[in-house]
>>> print(open('input.cif').read())   # mmCIF, C-alpha atoms
data_upload
#
loop_
_atom_site.label_atom_id
_atom_site.label_comp_id
_atom_site.auth_asym_id
_atom_site.auth_seq_id
_atom_site.Cartn_x
_atom_site.Cartn_y
_atom_site.Cartn_z
CA MET L 124 44.81 -1.47 34.95
CA ASN L 125 47.96 -2.26 32.96
CA LYS L 126 48.33 0.31 30.17
CA LYS L 127 49.37 -2.34 27.63
CA ILE L 128 46.29 -4.44 28.39
CA LEU L 129 44.11 -1.34 28.13
CA ALA L 130 45.68 -0.37 24.81
CA ALA L 131 45.22 -3.91 23.50
CA GLY L 132 41.62 -3.85 24.65
CA PHE L 133 40.97 -0.62 22.78
CA ALA L 134 42.69 -2.02 19.68
CA VAL L 135 40.55 -5.18 19.71
CA THR L 136 37.40 -3.15 20.35
CA GLY L 137 38.30 -0.80 17.53
CA ALA L 138 38.91 -3.69 15.16
CA LEU L 139 35.59 -5.31 16.10
CA CYS L 140 33.77 -1.99 15.63
CA ALA L 141 35.39 -1.51 12.23
CA ALA L 142 34.42 -5.03 11.20
CA ALA L 143 30.87 -4.45 12.43
CA VAL L 144 30.55 -1.21 10.48
CA HIS L 145 31.98 -2.87 7.37
CA GLY L 146 29.50 -5.72 7.79
CA TYR L 147 26.65 -3.25 8.24
CA MET L 148 27.63 -1.55 4.98
CA ASP L 149 27.32 -4.91 3.19
CA ILE L 150 23.72 -5.02 4.35
CA ALA L 151 22.51 -1.43 4.17
CA GLY L 152 25.05 0.39 2.05
CA ARG L 153 25.53 0.75 -1.69
CA GLU L 154 27.05 -2.44 -3.06
CA ARG L 155 30.85 -2.37 -3.17
CA LYS L 156 33.52 -4.46 -4.86
CA MET L 157 35.38 -4.87 -1.55
CA LYS L 158 33.04 -6.77 0.75
CA SER L 159 33.54 -7.35 4.45
CA LEU L 160 34.68 -10.67 5.86
CA PHE L 161 31.02 -11.42 6.64
CA GLY L 162 30.09 -10.74 3.03
CA TYR L 163 32.74 -13.09 1.69
CA ILE L 164 31.73 -15.82 4.14
CA GLY L 165 28.12 -15.41 3.02
CA GLU L 166 29.09 -15.82 -0.62
CA LEU L 167 31.24 -18.87 0.11
CA THR L 168 28.52 -20.60 2.13
CA ASP L 169 25.80 -19.98 -0.48
CA LYS L 170 25.81 -23.18 -2.55
CA THR L 171 22.85 -22.24 -4.76
CA ASP L 172 23.46 -22.53 -8.50
CA TYR L 173 22.22 -19.29 -10.04
CA SER L 174 23.43 -19.98 -13.59
CA ASP L 175 19.95 -20.78 -14.95
CA MET L 176 18.50 -17.61 -13.40
CA THR L 177 21.39 -15.52 -14.73
CA ALA L 178 20.79 -16.89 -18.23
CA PHE L 179 17.04 -16.24 -17.88
CA VAL L 180 17.58 -12.60 -16.87
CA ASP L 181 20.29 -12.04 -19.50
CA ASN L 182 17.89 -13.22 -22.19
CA LYS L 183 15.26 -10.74 -20.96
CA VAL L 184 17.79 -7.91 -20.78
CA ASN L 185 18.88 -8.61 -24.38
CA TRP L 186 15.23 -8.15 -25.41
CA ILE L 187 14.97 -4.96 -23.36
CA ASN L 188 18.10 -3.53 -24.99
CA GLN L 189 16.35 -3.73 -28.35
CA GLN L 190 13.52 -1.50 -27.14
CA GLU L 191 13.43 2.27 -27.36
CA THR L 192 13.89 3.48 -23.79
CA GLU L 193 13.92 7.02 -22.44
CA ASN L 194 16.19 7.88 -19.52
CA VAL L 195 14.28 9.98 -16.99
CA SER L 196 15.06 11.26 -13.51
CA ILE L 197 13.56 12.84 -10.42
CA THR L 198 15.02 14.21 -7.21
CA SER L 199 13.76 12.61 -4.01
CA GLU L 200 12.58 14.62 -1.04
CA ARG L 201 15.95 13.74 0.56
CA GLY L 202 17.82 15.28 -2.37
CA ASP L 203 18.93 12.04 -4.04
CA LEU L 204 18.98 11.99 -7.85
CA LEU L 205 16.98 8.93 -8.91
CA LYS L 206 17.18 7.39 -12.36
CA GLY L 207 14.33 5.80 -14.28
CA TYR L 208 13.98 3.99 -17.60
CA LEU L 209 10.71 4.53 -19.44
CA THR L 210 9.56 2.36 -22.34
CA LEU L 211 6.48 3.66 -24.11
CA ASN L 212 4.48 1.13 -26.06
CA LYS L 213 4.41 1.68 -29.81
CA ASN L 214 0.65 1.21 -29.65
CA LYS L 215 -0.36 4.15 -27.49
CA SER L 216 -1.68 3.03 -24.12
CA ASN L 217 -2.88 4.76 -20.96
CA VAL L 218 -1.70 1.83 -18.80
CA PHE L 219 1.67 2.18 -17.06
CA VAL L 220 3.49 -0.51 -15.10
CA PHE L 221 5.93 0.51 -12.38
CA GLY L 222 8.59 -2.12 -11.63
CA ALA L 223 10.40 -2.22 -8.27
CA HIS L 224 13.59 -4.25 -7.85
CA GLY L 225 15.15 -6.06 -4.91
CA CYS L 226 18.10 -5.27 -2.69
CA HIS L 227 21.50 -4.95 -4.43
CA SER L 228 19.81 -5.24 -7.81
CA ASN L 229 18.77 -2.58 -10.35
CA HIS L 230 16.26 -1.88 -13.11
CA ASN L 231 17.75 -4.66 -15.22
CA GLY L 232 17.39 -7.16 -12.39
CA ASP L 233 14.00 -8.31 -11.12
CA PRO L 234 11.82 -6.00 -13.28
CA ALA L 235 13.53 -7.35 -16.40
CA THR L 236 11.88 -10.70 -15.77
CA PHE L 237 8.38 -9.29 -16.34
CA MET L 238 8.88 -6.19 -18.50
CA GLN L 239 8.55 -8.08 -21.80
CA TYR L 240 5.25 -9.58 -20.66
CA TYR L 241 3.78 -6.13 -19.98
CA ILE L 242 5.12 -4.52 -23.15
CA GLU L 243 3.78 -7.34 -25.31
CA LYS L 244 0.46 -6.93 -23.49
CA GLY L 245 0.39 -3.39 -24.87
CA TYR L 246 1.34 -1.42 -21.76
CA ASN L 247 4.02 1.15 -20.98
CA PHE L 248 6.75 0.29 -18.47
CA LEU L 249 8.76 2.38 -16.01
CA SER L 250 11.64 0.67 -14.24
CA VAL L 251 13.90 2.53 -11.81
CA ASP L 252 17.13 2.25 -9.92
CA HIS L 253 16.20 2.65 -6.26
CA VAL L 254 18.27 4.87 -3.98
CA GLY L 255 21.77 3.49 -3.48
CA HIS L 256 21.46 1.22 -6.52
CA GLY L 257 22.51 1.37 -10.15
CA GLU L 258 22.78 4.90 -11.54
CA SER L 259 20.76 6.51 -8.75
CA SER L 260 22.58 8.42 -6.03
CA GLY L 261 22.47 7.73 -2.31
CA SER L 262 24.69 5.75 0.02
CA TYR L 263 22.12 3.76 2.01
CA ILE L 264 19.33 1.32 1.22
CA GLY L 265 15.92 1.88 2.81
CA TYR L 266 14.59 -1.70 2.73
CA ASP L 267 11.25 -0.15 1.62
CA TYR L 268 11.43 2.87 3.98
CA PHE L 269 13.07 5.16 1.39
CA GLU L 270 11.96 3.19 -1.67
CA SER L 271 8.22 3.39 -0.99
CA THR L 272 8.32 7.18 -0.62
CA ASP L 273 10.50 7.52 -3.72
CA SER L 274 8.21 5.23 -5.70
CA LEU L 275 5.18 7.36 -4.82
CA GLU L 276 7.12 10.31 -6.24
CA TRP L 277 7.71 8.31 -9.41
CA LEU L 278 3.96 7.69 -9.68
CA ASP L 279 3.35 11.42 -9.30
CA TYR L 280 5.84 11.98 -12.13
CA LEU L 281 3.85 9.67 -14.42
CA ILE L 282 0.56 11.37 -13.54
CA ARG L 283 1.96 14.87 -14.07
CA ARG L 284 3.48 13.93 -17.41
CA PHE L 285 0.78 11.70 -18.89
CA GLY L 286 -2.38 12.94 -17.23
CA LYS L 287 -4.81 12.02 -14.51
CA ASP L 288 -6.63 9.50 -16.73
CA ILE L 289 -3.80 6.96 -16.81
CA LYS L 290 -4.02 3.59 -15.07
CA ILE L 291 -1.08 2.22 -13.11
CA ILE L 292 0.00 -1.27 -12.05
CA ILE L 293 2.76 -1.59 -9.42
CA HIS L 294 4.81 -4.80 -9.39
CA GLY L 295 7.80 -5.51 -7.15
CA VAL L 296 10.04 -8.43 -6.20
CA SER L 297 11.72 -9.11 -2.81
CA MET L 298 12.59 -5.67 -1.38
CA GLY L 299 10.57 -4.37 -4.33
CA GLY L 300 7.67 -6.53 -3.19
CA ALA L 301 7.95 -5.06 0.31
CA THR L 302 8.13 -1.59 -1.27
CA VAL L 303 4.86 -2.27 -3.09
CA CYS L 304 3.33 -3.46 0.19
CA LYS L 305 4.50 -0.32 1.97
CA MET L 306 2.91 1.87 -0.73
CA VAL L 307 -0.54 0.35 -1.09
CA ASP L 308 -2.25 2.41 1.60
CA LYS L 309 -0.94 5.66 0.09
CA VAL L 310 -1.16 5.18 -3.68
CA PRO L 311 -3.12 7.65 -5.84
CA GLU L 312 -6.41 6.65 -7.45
CA GLN L 313 -4.65 5.93 -10.75
CA VAL L 314 -3.13 2.77 -9.23
CA LYS L 315 -5.57 -0.06 -9.92
CA LEU L 316 -3.74 -3.13 -8.60
CA ALA L 317 -0.50 -4.30 -7.03
CA ILE L 318 1.66 -7.41 -7.35
CA ALA L 319 3.98 -8.23 -4.43
CA ASP L 320 6.38 -11.04 -5.29
CA CYS L 321 8.18 -12.65 -2.28
CA PRO L 322 7.82 -9.62 0.03
CA TYR L 323 9.08 -9.65 3.60
CA THR L 324 7.02 -8.44 6.56
CA ASN L 325 9.78 -6.39 8.19
CA ALA L 326 13.50 -5.99 7.47
CA LEU L 327 14.59 -6.96 10.99
CA GLU L 328 12.46 -10.11 10.85
CA GLU L 329 14.06 -10.89 7.51
CA PHE L 330 17.58 -10.38 8.91
CA ASP L 331 16.68 -12.56 11.89
CA HIS L 332 15.53 -15.36 9.59
CA VAL L 333 18.70 -15.17 7.48
CA ALA L 334 20.96 -15.15 10.55
CA LYS L 335 19.22 -18.13 12.13
CA SER L 336 19.31 -19.99 8.81
CA ALA L 337 23.09 -19.48 8.90
CA GLY L 338 23.25 -21.14 12.34
CA ILE L 339 23.28 -18.05 14.57
CA LYS L 340 20.94 -18.95 17.41
CA HIS L 341 21.01 -15.78 19.49
CA THR L 342 20.38 -12.77 17.27
CA GLY L 343 18.95 -10.21 19.69
CA LEU L 344 22.10 -8.21 20.43
CA ILE L 345 23.31 -8.45 16.83
CA LEU L 346 20.05 -7.06 15.45
CA LYS L 347 19.98 -4.34 18.09
CA ALA L 348 23.51 -3.27 17.15
CA LEU L 349 22.65 -3.43 13.45
CA ASN L 350 19.60 -1.24 13.97
CA GLY L 351 21.63 1.18 16.09
CA MET L 352 24.16 1.61 13.30
CA ASN L 353 21.36 2.05 10.79
CA LYS L 354 19.80 4.85 12.84
CA LEU L 355 23.22 6.50 13.09
CA PHE L 356 24.29 6.18 9.46
CA ALA L 357 21.10 5.90 7.36
CA GLY L 358 18.86 7.87 9.71
CA TYR L 359 15.91 5.50 10.04
CA ASP L 360 14.75 2.62 12.23
CA PHE L 361 14.52 -0.83 10.62
CA ASN L 362 11.29 -1.31 12.60
CA ASP L 363 9.76 1.32 10.34
CA THR L 364 10.07 -1.06 7.38
CA ASP L 365 7.16 -3.14 8.69
CA VAL L 366 4.52 -3.39 5.94
CA ARG L 367 1.66 -5.00 7.86
CA GLU L 368 -0.41 -1.89 8.57
CA SER L 369 -0.06 -0.71 4.98
CA VAL L 370 -1.26 -4.07 3.66
CA LYS L 371 -4.17 -4.14 6.12
CA ASN L 372 -5.25 -0.74 4.78
CA SER L 373 -4.52 -1.37 1.10
CA ARG L 374 -6.41 0.88 -1.30
CA VAL L 375 -6.05 -1.59 -4.17
CA PRO L 376 -6.47 -5.32 -4.92
CA MET L 377 -3.25 -7.25 -4.29
CA LEU L 378 -1.73 -10.36 -5.83
CA PHE L 379 0.84 -12.03 -3.57
CA VAL L 380 3.36 -14.36 -5.24
CA HIS L 381 5.81 -16.59 -3.38
CA GLY L 382 7.93 -19.63 -4.15
CA THR L 383 7.25 -22.65 -1.95
CA GLU L 384 10.99 -23.30 -1.57
CA ASP L 385 11.99 -19.73 -0.73
CA ASP L 386 14.44 -20.08 2.15
CA TYR L 387 15.65 -16.48 1.98
CA VAL L 388 12.39 -14.58 2.44
CA PRO L 389 10.34 -17.43 3.92
CA THR L 390 7.07 -18.31 2.23
CA ARG L 391 5.22 -17.80 5.51
CA MET L 392 5.84 -14.05 5.25
CA GLY L 393 4.03 -13.80 1.92
CA ILE L 394 1.19 -15.95 3.24
CA GLU L 395 0.85 -13.80 6.36
CA LEU L 396 0.60 -10.63 4.27
CA TYR L 397 -1.99 -12.23 2.02
CA GLU L 398 -4.06 -13.26 5.03
CA ILE L 399 -4.09 -9.77 6.61
CA CYS L 400 -4.62 -7.81 3.38
CA GLY L 401 -7.71 -5.63 3.78
CA ASN L 402 -8.67 -5.42 0.11
CA GLU L 403 -9.46 -7.88 -2.68
CA LYS L 404 -6.56 -10.33 -2.82
CA GLU L 405 -5.16 -13.49 -4.33
CA LEU L 406 -2.25 -15.76 -3.43
CA TYR L 407 -0.16 -17.55 -6.04
CA LEU L 408 2.32 -20.07 -4.62
CA VAL L 409 4.81 -21.33 -7.19
CA GLU L 410 5.73 -24.92 -6.44
CA GLY L 411 9.47 -25.49 -6.18
CA ALA L 412 10.50 -21.86 -6.71
CA ILE L 413 13.32 -20.43 -4.59
CA HIS L 414 13.73 -16.76 -3.74
CA ALA L 415 12.76 -14.30 -6.50
CA GLN L 416 12.62 -17.08 -9.11
CA SER L 417 8.88 -17.68 -9.41
CA MET L 418 8.81 -16.15 -12.90
CA LYS L 419 11.63 -18.37 -14.13
CA THR L 420 10.23 -21.49 -12.46
CA ASP L 421 6.76 -21.20 -13.97
CA GLU L 422 6.71 -18.38 -16.49
CA SER L 423 3.56 -19.48 -18.30
CA GLY L 424 1.69 -20.04 -15.04
CA TYR L 425 2.83 -16.65 -13.70
CA HIS L 426 1.69 -14.96 -16.93
CA GLN L 427 -1.67 -16.69 -16.77
CA LYS L 428 -2.18 -15.57 -13.17
CA LEU L 429 -1.28 -12.00 -14.15
CA ASP L 430 -3.70 -12.15 -17.09
CA GLU L 431 -6.52 -13.24 -14.81
CA PHE L 432 -5.78 -10.71 -12.09
CA ILE L 433 -5.37 -7.80 -14.50
CA GLU L 434 -8.55 -8.69 -16.40
CA LYS L 435 -10.43 -8.76 -13.12
CA TYR L 436 -9.23 -5.49 -11.63
CA LEU L 437 -7.82 -3.19 -14.33
#
>>> encode(input="input.cif", output="structure tokens")
Amino acid sequence: MNKKILAAGFAVTGALCAAAVHGYMDIAGRERKMKSLFGYIGELTDKTDYSDMTAFVDNKVNWINQQETENVSITSERGDLLKGYLTLNKNKSNVFVFGAHGCHSNHNGDPATFMQYYIEKGYNFLSVDHVGHGESSGSYIGYDYFESTDSLEWLDYLIRRFGKDIKIIIHGVSMGGATVCKMVDKVPEQVKLAIADCPYTNALEEFDHVAKSAGIKHTGLILKALNGMNKLFAGYDFNDTDVRESVKNSRVPMLFVHGTEDDYVPTRMGIELYEICGNEKELYLVEGAIHAQSMKTDESGYHQKLDEFIEKYL
């Protein structure tokens, strides 16, 4: 073979590999300012107007910033330093809410949309930055694989600090919703109920849906390569993010929330998890809500559903 052709072939292959790794880091790595070409294309092709949601969250964060919050931390079993933000209710309560956020978000993202509700209800609230997010360490996202284990450690922290008589509610959105689903067959007895808002069934199935929504018809080799890189770099298999068995064996009642217009994590995933849940369960579909915006779309209805579910099971 001609040496120049061979060299060019290696150069092209190397460039493609570099682009693939950079693209993988957009998906499974800590968020960076310099995105890959795939990341920029994704941002350019997303025509959704998020200004109303941004204003909604900013308003909630402004309220949160006026509360007295304690910075806390634990070290995960992998050695990552994880940061948490604990708000104790002024009226002493033995009820603690654990808030789990979505991918490439942080404690002031998804959990901010429901923290005020729980505090005004008289409860305490612990929000965290998951591994690879916010102020927590770690280079790779677990898509519920790391986060569920870490969150169980956070629950142990609350029980050790505040006693075995506390009651805990776990509430997560998107990846946080999947994290809640992954936890429910392992939670301690102090956890009384769980809310999973727009959870996916499995990270690879979620990636497949997003890719096909973007017009990529044949995703098999792409997903296989993506999973191969994830095993190499992050050290786990995306197939191990599947939450179905955990939901089937849930130890606690579960409320599943999903927007009817969610085209990112499709509504059918939330419905499937509701249908297979092996414990007491309810499904709340928010008409017209897109991904992770059910609270903004129908805040009063969401609060009412939470009131009913908490009264029934707490």
>>> residues_around(input="input.cif", residues="range 176-188 of chain L", least_positions_apart="3", cutoff="9 Å", atoms="only C-alpha atoms", output="list in words")
Asp172, Tyr173, Glu191, Thr192, Asn231, Gly232, Asp233, Ala235, Thr236, Phe237, Met238, Gln239, Gln416 and Lys419 of chain L
>>> residues_around(input="input.cif", residues="range 202-205 of chain L", least_positions_apart="3", cutoff="10 Å", atoms="only C-alpha atoms", output="short mmCIF file (atom, residue, chain, number, x, y, z; two decimals) with C-alpha atoms, in the coordinates of the input")
data_model
loop_
_atom_site.label_atom_id
_atom_site.label_comp_id
_atom_site.auth_asym_id
_atom_site.auth_seq_id
_atom_site.Cartn_x
_atom_site.Cartn_y
_atom_site.Cartn_z
CA VAL L 195 14.28 9.98 -16.99
CA SER L 196 15.06 11.26 -13.51
CA ILE L 197 13.56 12.84 -10.42
CA THR L 198 15.02 14.21 -7.21
CA SER L 199 13.76 12.61 -4.01
CA VAL L 251 13.90 2.53 -11.81
CA ASP L 252 17.13 2.25 -9.92
CA HIS L 253 16.20 2.65 -6.26
CA VAL L 254 18.27 4.87 -3.98
CA GLY L 255 21.77 3.49 -3.48
CA HIS L 256 21.46 1.22 -6.52
CA GLY L 257 22.51 1.37 -10.15
CA GLU L 258 22.78 4.90 -11.54
CA SER L 259 20.76 6.51 -8.75
CA SER L 260 22.58 8.42 -6.03
CA GLY L 261 22.47 7.73 -2.31
CA SER L 262 24.69 5.75 0.02
CA ASP L 273 10.50 7.52 -3.72
CA TRP L 277 7.71 8.31 -9.41
#
>>> residues_around(input="input.cif", residues="Ile242 in chain L", least_positions_apart="3", cutoff="10 Å", atoms="only C-alpha atoms", output="PyMOL selection string")
chain L and resi 187+190+210-214+219-220+237-239+245-248
>>> residues_around(input="input.cif", residues="range 347-360 of chain L", least_positions_apart="5", cutoff="9 Å", atoms="all atoms listed in the file", output="VMD selection string")
chain L and resid 143 to 144 147 151 to 152 262 to 265 268 327 342
>>> residues_around(input="input.cif", residues="range 394-404 of chain L", least_positions_apart="2", cutoff="8 Å", atoms="only C-alpha atoms", output="ChimeraX atom specification")
/L:324,367,370-379,390-392,406
>>> closest_residue(input="input.cif", among="L:Ser336, L:Ser369, L:Asn229, L:Thr171", to="Gly299 in chain L", atoms="only C-alpha atoms")
L:Asn229
>>> closest_residue(input="input.cif", among="L:Asp267, L:Asp421, L:Asp365, L:Glu405", to="Tyr436 in chain L", atoms="only C-alpha atoms")
L:Glu405
>>> closest_residue(input="input.cif", among="L:Met298, L:Ile433, L:Asp386, L:Glu422", to="Lys335 in chain L", atoms="all atoms listed in the file")
L:Asp386
>>> residues_near_point(input="input.cif", point="(-2.3, 7.4, -12.4)", cutoff="9 Å", atoms="only C-alpha atoms", output="PyMOL selection string")
chain L and resi 217-219+278-279+281-283+285-292+311-315
>>> atom_distance(input="input.cif", atom1="CA of Phe269 in chain L", atom2="CA of Thr364 in chain L")
9.1 Å
>>> axis_aligned_box(input="input.cif", around="range 278-295 of chain L", padding_each_side="5 Å", output="JSON")
{"center_x": 0.6, "center_y": 4.7, "center_z": -13.0, "size_x": 24.4, "size_y": 30.4, "size_z": 21.7}
>>> closest_residue(input="input.cif", among="L:Ala412, L:Glu243, L:Val380, L:Cys226", to="Asp149 in chain L", atoms="only C-alpha atoms")
L:Cys226
>>> atom_distance(input="input.cif", atom1="CA of Asp385 in chain L", atom2="CA of Lys340 in chain L")
20.2 Å
>>> atom_distance(input="input.cif", atom1="CA of Ile318 in chain L", atom2="CA of Ala337 in chain L")
29.5 Å
>>> closest_residue(input="input.cif", among="L:Ala142, L:His414, L:Tyr241, L:Leu346", to="Gly225 in chain L", atoms="only C-alpha atoms")
L:His414
>>> closest_residue(input="input.cif", among="L:His230, L:Leu316, L:Thr420, L:Ser174", to="Lys435 in chain L", atoms="all atoms listed in the file")
L:Leu316
>>> decode(input="input.cif", residues="range 190-205 of chain L", atoms="N, CA, C and O atoms", output="PDB file, in the first residue's frame")
ATOM      1  N   GLN L 190     -32.550  31.791  51.975  1.00  0.00           N
ATOM      2  CA  GLN L 190     -32.681  30.827  53.063  1.00  0.00           C
ATOM      3  C   GLN L 190     -31.320  30.553  53.687  1.00  0.00           C
ATOM      4  O   GLN L 190     -30.279  30.755  53.065  1.00  0.00           O
ATOM      5  N   GLU L 191     -31.355  30.077  54.915  1.00  0.00           N
ATOM      6  CA  GLU L 191     -30.108  29.714  55.597  1.00  0.00           C
ATOM      7  C   GLU L 191     -29.754  28.278  55.221  1.00  0.00           C
ATOM      8  O   GLU L 191     -30.454  27.334  55.585  1.00  0.00           O
ATOM      9  N   THR L 192     -28.674  28.128  54.490  1.00  0.00           N
ATOM     10  CA  THR L 192     -28.284  26.818  53.959  1.00  0.00           C
ATOM     11  C   THR L 192     -26.905  26.436  54.456  1.00  0.00           C
ATOM     12  O   THR L 192     -25.980  27.254  54.470  1.00  0.00           O
ATOM     13  N   GLU L 193     -26.779  25.188  54.852  1.00  0.00           N
ATOM     14  CA  GLU L 193     -25.505  24.650  55.331  1.00  0.00           C
ATOM     15  C   GLU L 193     -24.843  23.842  54.224  1.00  0.00           C
ATOM     16  O   GLU L 193     -25.458  22.965  53.626  1.00  0.00           O
ATOM     17  N   ASN L 194     -23.579  24.144  53.951  1.00  0.00           N
ATOM     18  CA  ASN L 194     -22.820  23.352  52.988  1.00  0.00           C
ATOM     19  C   ASN L 194     -22.291  22.099  53.677  1.00  0.00           C
ATOM     20  O   ASN L 194     -21.633  22.185  54.721  1.00  0.00           O
ATOM     21  N   VAL L 195     -22.594  20.945  53.112  1.00  0.00           N
ATOM     22  CA  VAL L 195     -22.168  19.671  53.690  1.00  0.00           C
ATOM     23  C   VAL L 195     -21.476  18.863  52.598  1.00  0.00           C
ATOM     24  O   VAL L 195     -21.573  19.181  51.406  1.00  0.00           O
ATOM     25  N   SER L 196     -20.783  17.811  52.981  1.00  0.00           N
ATOM     26  CA  SER L 196     -20.087  16.998  51.988  1.00  0.00           C
ATOM     27  C   SER L 196     -19.912  15.573  52.485  1.00  0.00           C
ATOM     28  O   SER L 196     -19.908  15.315  53.690  1.00  0.00           O
ATOM     29  N   ILE L 197     -19.783  14.648  51.534  1.00  0.00           N
ATOM     30  CA  ILE L 197     -19.426  13.272  51.823  1.00  0.00           C
ATOM     31  C   ILE L 197     -18.424  12.838  50.759  1.00  0.00           C
ATOM     32  O   ILE L 197     -18.264  13.496  49.728  1.00  0.00           O
ATOM     33  N   THR L 198     -17.762  11.737  51.013  1.00  0.00           N
ATOM     34  CA  THR L 198     -16.876  11.149  50.011  1.00  0.00           C
ATOM     35  C   THR L 198     -17.493   9.847  49.536  1.00  0.00           C
ATOM     36  O   THR L 198     -17.843   8.985  50.349  1.00  0.00           O
ATOM     37  N   SER L 199     -17.647   9.713  48.228  1.00  0.00           N
ATOM     38  CA  SER L 199     -18.281   8.514  47.684  1.00  0.00           C
ATOM     39  C   SER L 199     -17.363   7.315  47.833  1.00  0.00           C
ATOM     40  O   SER L 199     -16.167   7.449  48.119  1.00  0.00           O
ATOM     41  N   GLU L 200     -17.912   6.139  47.608  1.00  0.00           N
ATOM     42  CA  GLU L 200     -17.108   4.921  47.702  1.00  0.00           C
ATOM     43  C   GLU L 200     -16.031   4.880  46.615  1.00  0.00           C
ATOM     44  O   GLU L 200     -15.066   4.128  46.724  1.00  0.00           O
ATOM     45  N   ARG L 201     -16.172   5.724  45.572  1.00  0.00           N
ATOM     46  CA  ARG L 201     -15.147   5.814  44.530  1.00  0.00           C
ATOM     47  C   ARG L 201     -14.067   6.815  44.886  1.00  0.00           C
ATOM     48  O   ARG L 201     -13.077   6.957  44.166  1.00  0.00           O
ATOM     49  N   GLY L 202     -14.289   7.592  45.966  1.00  0.00           N
ATOM     50  CA  GLY L 202     -13.322   8.595  46.375  1.00  0.00           C
ATOM     51  C   GLY L 202     -13.623   9.991  45.891  1.00  0.00           C
ATOM     52  O   GLY L 202     -12.814  10.908  46.087  1.00  0.00           O
ATOM     53  N   ASP L 203     -14.790  10.210  45.271  1.00  0.00           N
ATOM     54  CA  ASP L 203     -15.169  11.549  44.821  1.00  0.00           C
ATOM     55  C   ASP L 203     -15.731  12.365  45.982  1.00  0.00           C
ATOM     56  O   ASP L 203     -16.529  11.857  46.775  1.00  0.00           O
ATOM     57  N   LEU L 204     -15.323  13.618  46.074  1.00  0.00           N
ATOM     58  CA  LEU L 204     -15.867  14.530  47.082  1.00  0.00           C
ATOM     59  C   LEU L 204     -17.161  15.113  46.550  1.00  0.00           C
ATOM     60  O   LEU L 204     -17.173  15.809  45.532  1.00  0.00           O
ATOM     61  N   LEU L 205     -18.266  14.827  47.240  1.00  0.00           N
ATOM     62  CA  LEU L 205     -19.592  15.247  46.795  1.00  0.00           C
ATOM     63  C   LEU L 205     -20.127  16.343  47.702  1.00  0.00           C
ATOM     64  O   LEU L 205     -20.052  16.244  48.926  1.00  0.00           O
TER      65      LEU L 205
END
